[in-house]
$ cat final.txt   # compact mmCIF, C-alpha atoms
# COMPACT_ATOMS: atom_id res chain seq x y z
CA MET A 1 -101.06 -95.00 28.95
CA LEU A 2 -99.39 -98.36 28.95
CA ILE A 3 -99.71 -98.75 25.20
CA GLY A 4 -98.32 -95.24 24.61
CA LEU A 5 -95.34 -95.96 26.89
CA VAL A 6 -94.53 -99.22 25.08
CA ALA A 7 -94.79 -97.54 21.68
CA GLY A 8 -92.43 -94.79 22.81
CA LEU A 9 -89.86 -97.27 24.05
CA VAL A 10 -90.02 -99.23 20.77
CA GLY A 11 -89.60 -96.03 18.76
CA LEU A 12 -86.64 -94.98 20.87
CA ALA A 13 -85.00 -98.37 20.39
CA LEU A 14 -85.50 -98.28 16.64
CA GLY A 15 -84.14 -94.74 16.42
CA THR A 16 -81.07 -95.66 18.46
CA PHE A 17 -80.44 -98.73 16.29
CA GLY A 18 -80.75 -96.66 13.10
CA VAL A 19 -78.25 -94.05 14.34
CA LEU A 20 -75.76 -96.76 15.32
CA ALA A 21 -76.16 -98.49 11.93
CA PHE A 22 -75.59 -95.19 10.11
CA ARG A 23 -72.40 -94.50 12.07
CA VAL A 24 -71.05 -98.01 11.38
CA SER A 25 -71.79 -97.57 7.68
CA GLU A 26 -69.96 -94.24 7.63
CA LYS A 27 -66.91 -95.75 9.29
CA GLN A 28 -66.82 -98.63 6.77
CA ARG A 29 -67.14 -96.20 3.87
CA GLN A 30 -64.27 -94.13 5.23
CA LEU A 31 -62.14 -97.26 5.57
CA LEU A 32 -62.91 -98.22 1.98
CA ASP A 33 -62.00 -94.72 0.82
CA ILE A 34 -58.69 -94.97 2.69
CA ASP A 35 -57.96 -98.37 1.07
CA ALA A 36 -58.81 -96.99 -2.36
CA GLU A 37 -56.47 -94.08 -1.81
CA GLU A 38 -53.73 -96.47 -0.71
CA LEU A 39 -54.16 -98.55 -3.90
CA ALA A 40 -54.25 -95.50 -6.16
CA LEU A 41 -51.15 -94.66 -8.24
CA PRO A 42 -49.47 -91.26 -7.90
CA ALA A 43 -51.23 -88.47 -9.74
CA GLY A 44 -50.64 -88.65 -13.49
CA ALA A 45 -48.81 -92.00 -13.35
CA ALA A 46 -51.66 -93.96 -14.92
CA GLU A 47 -51.92 -91.54 -17.85
CA VAL A 48 -48.16 -91.66 -18.51
CA LEU A 49 -48.06 -95.46 -18.36
CA ALA A 50 -50.96 -95.66 -20.82
CA ILE A 51 -49.04 -93.78 -23.52
CA ILE A 52 -45.49 -94.94 -22.82
CA GLY A 53 -45.65 -97.71 -25.42
CA ARG A 54 -43.84 -100.37 -23.39
CA ALA A 55 -44.96 -103.28 -21.27
CA PHE A 56 -45.20 -102.28 -17.61
CA VAL A 57 -45.95 -103.85 -14.24
CA VAL A 58 -46.62 -101.95 -11.00
CA VAL A 59 -46.11 -103.94 -7.78
CA ASP A 60 -46.78 -103.03 -4.15
CA THR A 61 -44.70 -103.57 -1.02
CA VAL A 62 -45.25 -107.34 -1.09
CA ASP A 63 -44.72 -107.70 -4.88
CA GLY A 64 -48.40 -108.02 -5.59
CA VAL A 65 -49.38 -106.75 -9.03
CA VAL A 66 -51.33 -103.51 -8.69
CA ARG A 67 -51.51 -102.79 -12.42
CA ALA A 68 -50.05 -104.36 -15.56
CA SER A 69 -50.35 -103.71 -19.28
CA PRO A 70 -51.73 -106.28 -21.76
CA ALA A 71 -48.21 -106.59 -23.23
CA ALA A 72 -46.88 -107.71 -19.84
CA TYR A 73 -49.37 -110.57 -19.87
CA ALA A 74 -48.57 -111.33 -23.52
CA TYR A 75 -44.84 -111.52 -22.76
CA GLY A 76 -45.56 -113.93 -19.90
CA LEU A 77 -44.19 -111.58 -17.22
CA VAL A 78 -47.41 -111.61 -15.19
CA ARG A 79 -49.97 -114.31 -14.49
CA GLY A 80 -53.05 -113.20 -12.59
CA HIS A 81 -51.80 -110.85 -9.86
CA THR A 82 -48.37 -112.47 -9.60
CA VAL A 83 -45.01 -111.65 -11.15
CA VAL A 84 -43.90 -114.92 -12.77
CA HIS A 85 -40.11 -114.72 -13.00
CA LYS A 86 -37.70 -114.73 -10.06
CA GLU A 87 -35.30 -112.43 -11.94
CA LEU A 88 -37.92 -109.68 -11.93
CA LEU A 89 -38.62 -110.16 -8.22
CA ASP A 90 -34.88 -109.91 -7.53
CA MET A 91 -34.85 -106.56 -9.33
CA THR A 92 -37.80 -105.23 -7.30
CA ALA A 93 -36.10 -106.37 -4.10
CA GLY A 94 -32.91 -104.56 -5.09
CA VAL A 95 -34.78 -101.35 -5.87
CA ARG A 96 -36.73 -101.55 -2.62
CA ARG A 97 -33.55 -102.18 -0.62
CA ASP A 98 -31.18 -99.66 -2.23
CA GLY A 99 -33.61 -97.11 -3.65
CA VAL A 100 -31.76 -97.00 -6.99
CA ILE A 101 -32.86 -97.61 -10.58
CA LEU A 102 -31.85 -101.00 -11.99
CA GLU A 103 -31.70 -101.99 -15.66
CA LYS A 104 -30.93 -105.44 -17.05
CA GLN A 105 -31.38 -107.49 -20.20
CA LEU A 106 -32.96 -110.82 -19.33
CA GLU A 107 -33.69 -113.97 -21.31
CA LEU A 108 -36.87 -115.40 -19.84
CA PRO A 109 -39.06 -118.42 -20.67
CA ARG A 110 -41.98 -117.38 -22.83
CA GLY A 111 -44.39 -119.74 -21.11
CA PRO A 112 -44.66 -122.61 -18.65
CA LEU A 113 -44.26 -125.19 -21.44
CA GLY A 114 -41.72 -125.59 -24.21
CA GLN A 115 -38.30 -124.04 -24.65
CA GLY A 116 -39.30 -120.74 -26.23
CA THR A 117 -37.64 -117.68 -24.71
CA ILE A 118 -38.06 -113.93 -24.90
CA ILE A 119 -35.29 -111.37 -24.47
CA VAL A 120 -36.46 -108.23 -22.66
CA GLN A 121 -34.73 -105.07 -21.52
CA VAL A 122 -36.15 -104.41 -18.04
CA ARG A 123 -35.90 -101.17 -16.05
CA ALA A 124 -37.05 -101.11 -12.40
CA ALA A 125 -37.60 -97.92 -10.39
CA MET A 126 -39.59 -96.57 -7.44
CA LEU A 127 -43.01 -95.13 -8.26
CA GLY A 128 -44.11 -92.93 -5.39
CA GLU A 129 -43.28 -94.12 -1.90
CA GLU A 130 -44.84 -97.59 -1.93
CA TYR A 131 -44.82 -98.92 -5.49
CA ILE A 132 -42.18 -100.20 -7.88
CA LEU A 133 -42.50 -99.89 -11.65
CA LEU A 134 -41.10 -102.47 -14.08
CA LEU A 135 -40.75 -101.36 -17.71
CA ALA A 136 -40.03 -104.11 -20.26
CA ASP A 137 -39.04 -103.76 -23.92
CA ASP A 138 -39.01 -106.82 -26.21
CA ARG A 139 -35.51 -107.13 -27.71
CA THR A 140 -35.81 -110.67 -29.01
CA GLU A 141 -35.69 -109.97 -32.75
CA ILE A 142 -33.07 -107.23 -32.45
CA THR A 143 -30.78 -109.41 -30.35
CA ARG A 144 -31.10 -112.39 -32.67
CA THR A 145 -30.47 -110.22 -35.71
CA GLU A 146 -27.29 -108.89 -34.10
CA GLU A 147 -26.18 -112.44 -33.29
CA ILE A 148 -26.78 -113.53 -36.88
CA ARG A 149 -24.82 -110.54 -38.18
CA ASN A 150 -21.91 -111.18 -35.82
CA ASP A 151 -21.86 -114.87 -36.74
CA PHE A 152 -21.94 -113.95 -40.42
CA VAL A 153 -18.97 -111.59 -40.07
CA ALA A 154 -17.03 -114.21 -38.10
CA ASN A 155 -17.83 -116.92 -40.67
CA VAL A 156 -16.86 -114.67 -43.58
CA SER A 157 -13.54 -113.83 -41.92
CA HIS A 158 -12.84 -117.50 -41.33
CA GLU A 159 -13.80 -118.56 -44.84
CA LEU A 160 -11.73 -115.83 -46.48
CA LYS A 161 -8.63 -116.76 -44.49
CA THR A 162 -8.41 -120.20 -46.11
CA PRO A 163 -8.00 -119.23 -49.78
CA VAL A 164 -6.02 -116.08 -48.95
CA GLY A 165 -3.62 -118.09 -46.79
CA ALA A 166 -3.33 -120.78 -49.45
CA ILE A 167 -2.51 -118.21 -52.15
CA SER A 168 0.12 -116.65 -49.89
CA LEU A 169 1.81 -120.00 -49.22
CA LEU A 170 1.66 -120.98 -52.87
CA ALA A 171 3.24 -117.66 -53.86
CA GLU A 172 6.13 -118.29 -51.45
CA ALA A 173 6.56 -121.83 -52.81
CA LEU A 174 6.46 -120.50 -56.35
CA GLU A 175 9.12 -117.92 -55.55
CA SER A 176 11.42 -120.51 -53.98
CA SER A 177 10.98 -122.92 -56.92
CA ALA A 178 11.62 -120.47 -59.75
CA ASP A 179 14.19 -122.81 -61.35
CA ASP A 180 11.89 -125.87 -61.28
CA GLU A 181 9.57 -125.57 -64.27
CA GLN A 182 7.37 -128.50 -63.23
CA ALA A 183 6.94 -127.14 -59.71
CA VAL A 184 6.14 -123.69 -61.06
CA ARG A 185 3.36 -125.12 -63.20
CA ARG A 186 1.96 -127.17 -60.35
CA PHE A 187 1.94 -124.24 -57.93
CA ALA A 188 0.54 -121.89 -60.56
CA LYS A 189 -2.30 -124.34 -61.20
CA ARG A 190 -3.06 -124.50 -57.47
CA MET A 191 -2.98 -120.70 -57.22
CA HIS A 192 -5.41 -120.43 -60.09
CA LYS A 193 -7.77 -122.85 -58.35
CA GLU A 194 -7.57 -121.03 -55.01
CA SER A 195 -8.06 -117.64 -56.63
CA GLY A 196 -11.14 -118.97 -58.40
CA ARG A 197 -12.50 -120.24 -55.11
CA LEU A 198 -11.80 -116.85 -53.50
CA ALA A 199 -13.56 -115.04 -56.35
CA ALA A 200 -16.59 -117.34 -56.05
CA LEU A 201 -16.74 -116.81 -52.28
CA VAL A 202 -16.57 -113.02 -52.61
CA GLN A 203 -19.22 -113.08 -55.32
CA ASP A 204 -21.54 -115.17 -53.15
CA ILE A 205 -21.02 -112.81 -50.20
CA ILE A 206 -21.83 -109.81 -52.40
CA GLU A 207 -24.89 -111.60 -53.77
CA LEU A 208 -26.12 -112.50 -50.29
CA SER A 209 -25.64 -108.93 -49.06
CA ARG A 210 -27.54 -107.61 -52.09
CA LEU A 211 -30.38 -110.03 -51.44
CA GLN A 212 -30.79 -108.85 -47.86
CA GLY A 213 -31.30 -105.29 -49.04
CA ALA A 214 -33.34 -106.04 -52.14
CA SER A 215 -37.01 -105.07 -52.35
CA VAL A 216 -38.82 -107.43 -54.67
CA ILE A 217 -42.11 -105.59 -54.11
CA GLN A 218 -40.71 -102.30 -55.41
CA GLN A 219 -38.35 -103.63 -58.10
CA GLY A 220 -40.17 -106.77 -59.27
CA GLY A 221 -42.47 -107.49 -62.16
CA PRO A 222 -44.07 -110.42 -64.03
CA VAL A 223 -41.51 -113.14 -64.69
CA ASP A 224 -41.84 -116.05 -67.12
CA VAL A 225 -40.72 -119.17 -65.25
CA ASN A 226 -39.79 -120.98 -68.47
CA THR A 227 -37.39 -118.18 -69.35
CA VAL A 228 -35.83 -118.39 -65.90
CA ILE A 229 -35.26 -122.12 -66.29
CA ALA A 230 -33.81 -121.78 -69.78
CA GLU A 231 -31.37 -119.05 -68.70
CA ALA A 232 -30.28 -120.93 -65.56
CA VAL A 233 -29.69 -124.12 -67.56
CA ASP A 234 -27.68 -122.21 -70.18
CA ARG A 235 -25.42 -120.73 -67.49
CA SER A 236 -24.84 -124.18 -65.99
CA GLN A 237 -23.92 -125.96 -69.22
CA LEU A 238 -20.16 -125.42 -68.87
CA PRO A 239 -19.71 -127.15 -65.47
CA ALA A 240 -22.12 -129.88 -66.61
CA GLU A 241 -20.09 -130.56 -69.76
CA SER A 242 -16.87 -130.75 -67.75
CA LYS A 243 -18.35 -133.80 -65.93
CA ASN A 244 -20.30 -135.11 -68.93
CA ILE A 245 -23.58 -134.54 -67.09
CA ARG A 246 -26.78 -134.02 -69.06
CA ILE A 247 -29.29 -131.43 -67.83
CA VAL A 248 -32.78 -132.67 -68.73
CA VAL A 249 -35.77 -130.33 -68.44
CA GLY A 250 -39.28 -131.76 -68.23
CA GLY A 251 -42.52 -129.82 -68.24
CA ARG A 252 -43.59 -126.30 -68.98
CA THR A 253 -45.91 -123.82 -67.31
CA GLU A 254 -47.85 -120.89 -68.64
CA GLY A 255 -48.09 -119.36 -65.15
CA LYS A 256 -45.98 -116.37 -64.22
CA VAL A 257 -44.64 -115.18 -60.90
CA PHE A 258 -44.06 -111.68 -59.58
CA GLY A 259 -40.44 -111.00 -58.76
CA ASP A 260 -36.93 -110.19 -59.93
CA GLN A 261 -35.87 -112.34 -62.87
CA ASP A 262 -32.14 -112.01 -62.19
CA LEU A 263 -32.55 -113.15 -58.58
CA LEU A 264 -34.68 -116.11 -59.60
CA VAL A 265 -32.13 -117.13 -62.25
CA THR A 266 -29.38 -116.91 -59.62
CA ALA A 267 -31.35 -119.09 -57.20
CA LEU A 268 -32.17 -121.76 -59.78
CA ARG A 269 -28.60 -121.71 -61.14
CA ASN A 270 -27.32 -122.34 -57.61
CA LEU A 271 -29.61 -125.36 -57.28
CA ILE A 272 -28.47 -126.72 -60.65
CA ASP A 273 -24.77 -126.08 -59.92
CA ASN A 274 -25.21 -127.79 -56.55
CA ALA A 275 -26.76 -130.82 -58.26
CA ILE A 276 -23.93 -130.94 -60.82
CA ARG A 277 -21.26 -130.51 -58.15
CA TYR A 278 -22.44 -133.47 -56.08
CA SER A 279 -23.51 -135.81 -58.90
CA PRO A 280 -21.08 -138.39 -60.30
CA ALA A 281 -19.72 -137.91 -63.79
CA ASN A 282 -21.66 -139.31 -66.74
CA THR A 283 -25.05 -138.94 -65.03
CA ARG A 284 -28.07 -136.66 -65.41
CA VAL A 285 -29.62 -133.75 -63.53
CA GLY A 286 -33.39 -133.54 -63.88
CA ILE A 287 -35.42 -130.32 -63.75
CA GLY A 288 -39.21 -130.43 -63.53
CA VAL A 289 -41.77 -127.63 -63.38
CA ARG A 290 -45.46 -127.48 -62.70
CA SER A 291 -48.16 -125.03 -61.66
CA ARG A 292 -50.99 -126.03 -59.35
CA ASP A 293 -53.10 -124.56 -56.55
CA GLY A 294 -51.65 -121.10 -57.13
CA LEU A 295 -48.02 -122.23 -56.76
CA VAL A 296 -45.28 -122.70 -59.35
CA SER A 297 -42.90 -125.50 -58.33
CA ILE A 298 -39.45 -126.06 -59.84
CA SER A 299 -37.68 -129.26 -58.77
CA VAL A 300 -34.01 -130.06 -59.31
CA THR A 301 -32.97 -133.69 -58.84
CA ASP A 302 -29.41 -135.00 -58.64
CA GLN A 303 -27.89 -138.49 -58.46
CA GLY A 304 -25.50 -137.77 -55.62
CA GLU A 305 -24.92 -139.55 -52.34
CA GLY A 306 -27.97 -138.04 -50.63
CA LEU A 307 -28.36 -136.37 -47.24
CA THR A 308 -29.14 -137.69 -43.78
CA PRO A 309 -32.07 -136.16 -41.83
CA GLU A 310 -29.60 -134.24 -39.64
CA GLU A 311 -27.86 -132.80 -42.70
CA GLN A 312 -31.20 -131.82 -44.27
CA GLU A 313 -32.03 -129.67 -41.22
CA ARG A 314 -28.83 -127.61 -41.63
CA VAL A 315 -28.22 -127.65 -45.35
CA PHE A 316 -29.66 -124.12 -45.85
CA GLU A 317 -27.44 -122.53 -43.16
CA ARG A 318 -24.75 -120.10 -44.23
CA PHE A 319 -21.34 -121.71 -44.81
CA TYR A 320 -22.66 -125.14 -43.82
CA ARG A 321 -21.13 -127.92 -45.89
CA VAL A 322 -21.97 -131.58 -45.53
CA ASP A 323 -18.40 -132.69 -46.21
CA ALA A 324 -15.93 -129.82 -45.86
CA ALA A 325 -13.07 -131.76 -47.45
CA ARG A 326 -15.20 -132.72 -50.45
CA SER A 327 -16.54 -129.18 -50.73
CA ARG A 328 -13.03 -127.82 -50.99
CA HIS A 329 -12.37 -130.35 -53.71
CA THR A 330 -15.55 -129.48 -55.60
CA GLY A 331 -15.23 -125.72 -55.01
CA GLY A 332 -18.30 -125.20 -52.84
CA THR A 333 -18.55 -122.06 -50.72
CA GLY A 334 -21.44 -123.08 -48.45
CA LEU A 335 -23.51 -120.04 -49.45
CA GLY A 336 -25.36 -121.29 -52.52
CA LEU A 337 -28.36 -122.83 -50.75
CA SER A 338 -28.51 -119.94 -48.30
CA ILE A 339 -28.88 -117.59 -51.27
CA VAL A 340 -31.66 -119.79 -52.65
CA LYS A 341 -33.46 -119.63 -49.31
CA HIS A 342 -33.22 -115.81 -49.23
CA VAL A 343 -34.48 -115.48 -52.80
CA ALA A 344 -37.44 -117.75 -52.08
CA SER A 345 -38.27 -115.82 -48.90
CA ASN A 346 -38.06 -112.45 -50.68
CA HIS A 347 -40.53 -113.73 -53.29
CA GLY A 348 -42.98 -115.06 -50.72
CA GLY A 349 -42.06 -118.68 -51.46
CA GLU A 350 -40.00 -121.49 -49.96
CA VAL A 351 -37.34 -124.04 -50.83
CA THR A 352 -37.50 -127.59 -49.50
CA VAL A 353 -35.38 -130.71 -49.80
CA TRP A 354 -36.12 -134.39 -50.01
CA SER A 355 -33.23 -136.80 -49.79
CA GLN A 356 -32.18 -140.26 -48.67
CA PRO A 357 -28.62 -141.58 -48.40
CA GLY A 358 -27.74 -143.41 -51.60
CA GLN A 359 -30.80 -142.10 -53.51
CA GLY A 360 -29.81 -138.54 -54.34
CA SER A 361 -31.61 -135.32 -53.44
CA THR A 362 -34.47 -133.24 -54.81
CA PHE A 363 -34.64 -129.51 -54.07
CA THR A 364 -37.97 -127.84 -54.81
CA LEU A 365 -38.44 -124.11 -55.19
CA ARG A 366 -42.08 -123.02 -54.74
CA LEU A 367 -43.26 -119.54 -55.66
CA PRO A 368 -46.75 -117.98 -55.60
CA GLU A 369 -48.25 -117.61 -59.05
CA MET A 370 -49.42 -114.17 -60.10
CA GLU A 371 -53.12 -113.70 -59.51
CA GLY A 372 -55.25 -112.87 -62.52
CA HIS A 373 -52.78 -114.42 -64.96
CA ASP A 374 -54.53 -116.02 -67.90
CA GLY A 375 -53.29 -119.57 -67.63
CA GLY A 376 -54.86 -122.97 -67.08
CA ASP A 377 -52.14 -124.80 -65.19
CA ASP A 378 -53.40 -123.62 -61.85
CA VAL A 379 -56.70 -125.48 -62.44
CA PRO A 380 -56.46 -129.26 -61.94
CA PRO A 381 -57.28 -131.11 -65.19
CA ALA A 382 -59.92 -133.21 -63.45
CA ALA A 383 -61.80 -130.05 -62.44
CA ALA A 384 -61.70 -128.33 -65.83
CA PRO A 385 -60.83 -130.86 -68.56
CA GLY A 386 -62.27 -128.70 -71.30
CA GLN A 387 -59.98 -125.77 -70.55
CA GLU A 388 -56.61 -127.47 -70.93
CA GLN A 389 -54.16 -126.34 -73.55
CA PRO A 390 -52.48 -128.96 -75.72
CA GLY A 391 -49.07 -128.08 -74.27
CA GLN A 392 -50.40 -128.59 -70.77
CA ARG A 393 -51.58 -132.11 -71.49
CA THR A 394 -48.22 -133.13 -72.92
CA ASP A 395 -46.30 -132.15 -69.79
CA GLN A 396 -48.86 -133.61 -67.38
CA PRO A 397 -46.74 -136.73 -66.51
CA THR A 398 -43.96 -134.48 -65.27
CA LEU A 399 -46.43 -132.32 -63.39
CA THR A 400 -47.66 -135.27 -61.38
CA GLN A 401 -44.25 -136.78 -60.62
CA VAL A 402 -41.63 -134.11 -60.18
CA PRO A 403 -42.73 -132.63 -56.81
CA ARG A 404 -42.77 -136.05 -55.20
CA ALA A 405 -39.22 -136.85 -54.25
CA ALA A 406 -39.19 -140.44 -55.43
CA GLY A 407 -41.00 -139.55 -58.63
CA ALA A 408 -38.70 -136.62 -59.24
CA LYS A 409 -35.73 -138.89 -58.73
CA GLU A 410 -37.04 -141.36 -61.23
CA ARG A 411 -37.88 -138.60 -63.69
CA GLY A 412 -34.51 -136.92 -63.32
CA ALA A 413 -32.67 -140.16 -63.87
CA SER A 414 -34.62 -141.41 -66.86
CA ALA A 415 -35.66 -138.20 -68.66

$ encode --input "final.txt" --output "structure tokens"
Amino acid sequence: MLIGLVAGLVGLALGTFGVLAFRVSEKQRQLLDIDAEELALPAGAAEVLAIIGRAFVVVDTVDGVVRASPAAYAYGLVRGHTVVHKELLDMTAGVRRDGVILEKQLELPRGPLGQGTIIVQVRAAMLGEEYILLLADDRTEITRTEEIRNDFVANVSHELKTPVGAISLLAEALESSADDEQAVRRFAKRMHKESGRLAALVQDIIELSRLQGASVIQQGGPVDVNTVIAEAVDRSQLPAESKNIRIVVGGRTEGKVFGDQDLLVTALRNLIDNAIRYSPANTRVGIGVRSRDGLVSISVTDQGEGLTPEEQERVFERFYRVDAARSRHTGGTGLGLSIVKHVASNHGGEVTVWSQPGQGSTFTLRLPEMEGHDGGDDVPPAAAPGQEQPGQRTDQPTLTQVPRAAGAKERGASA
């Protein structure tokens, strides 16, 4: 009897404990379900955000990140479960306070280090009753392109005013000095010079605009680099002869490049004209060419005054001139090297400069050589000595010296 009574009491206790444990478990599950429902987005919101195609961040009542797209993390808007930028938190606070949709364009740091920025168009709005949605669209490239275009238009307007104004003043002076034959000749000579400068500036602007819309991939073809050099040198002979400057070409390459021959001739002619313009009279301009490691390099060396490191950083900018007064005297427009940079970029290449004050400058245009072309210059002689052509061996001294700035300088001066 006693044993049966004890067993019954133990069973009753265990049953009571099991019932209580089950009820506690049910209550906890219900609480978890309520929390899950509270964290859930409004019906259909997740599906819409997944296909919207823009970076998004959903925050709760305390600005904690409930959901964010990978692009939001890539843009640096979110780190972990926190909105990074105060400007975004100000927008969520404004939406929460006023219940209106806000839209702003913000320039935000791209990361915690460095000075890189990203420009985003942000739209903030309520999502349901408790959440706020931030939509962000990257406008960095578009904004910078617009700035470049606006600066270009402003620079063109400014540059055109100078020769147009000079021609207008000279015309008035010419009209008032009709009886003075010597003055008429002097003013007419100045007008001719200013009109030539205006024509060159307009031509460069047209050329630059054409380059920006040109498609080398669709319009290009195999181009013989030697032909490009010969044609560019021929077009530059007249200004060289006016200063008694010799143009000396060293080297030859059998490699070809894919591109537009006219554009390449224009780019190389601009480099040669630039070298002639800033070299003293009775000197030489050296041109060297080589092909190695899949690249064709054309170097143009002058004997001018050289460039400082600060000037080298800006020399390829539109309308930038190292010495504006000297450029007006020499007839420079400030667009020649910018055109060279665009041509090189359109052909998948680059243009670089080496210079030191008092030692002249060397500009090197590098272009990718056409793959599959039957030529031996792209193979170093040490690797395949038995495959060299006789012409390749004769120009090997130039091939080893021209790309190096000091060597190119020496070659250009003594060739």

$ residues_around --input "final.txt" --residues "region 94-107 of chain A" --least-positions-apart "4" --cutoff "12 Å" --atoms "all atoms listed in the file" --output "PyMOL selection string"
chain A and resi 59-63+75-77+85-90+115-140+143-144

$ residues_around --input "final.txt" --residues "region 255-268 of chain A" --least-positions-apart "6" --cutoff "6 Å" --atoms "all atoms listed in the file" --output "ChimeraX atom specification"
/A:216,220-224,228,232,340,369-370,375

$ atom_distance --input "final.txt" --atom1 "CA of Ala240 (chain A)" --atom2 "CA of His342 (chain A)"
25.0 Å

$ atom_distance --input "final.txt" --atom1 "CA of Thr253 (chain A)" --atom2 "CA of Leu238 (chain A)"
25.8 Å

$ atom_distance --input "final.txt" --atom1 "CA of Val285 (chain A)" --atom2 "CA of His347 (chain A)"
25.0 Å

$ closest_residue --input "final.txt" --among "A:Pro42, A:Gly250, A:Gly304, A:Gly294" --to "Asn282 (chain A)" --atoms "only C-alpha atoms"
A:Gly304
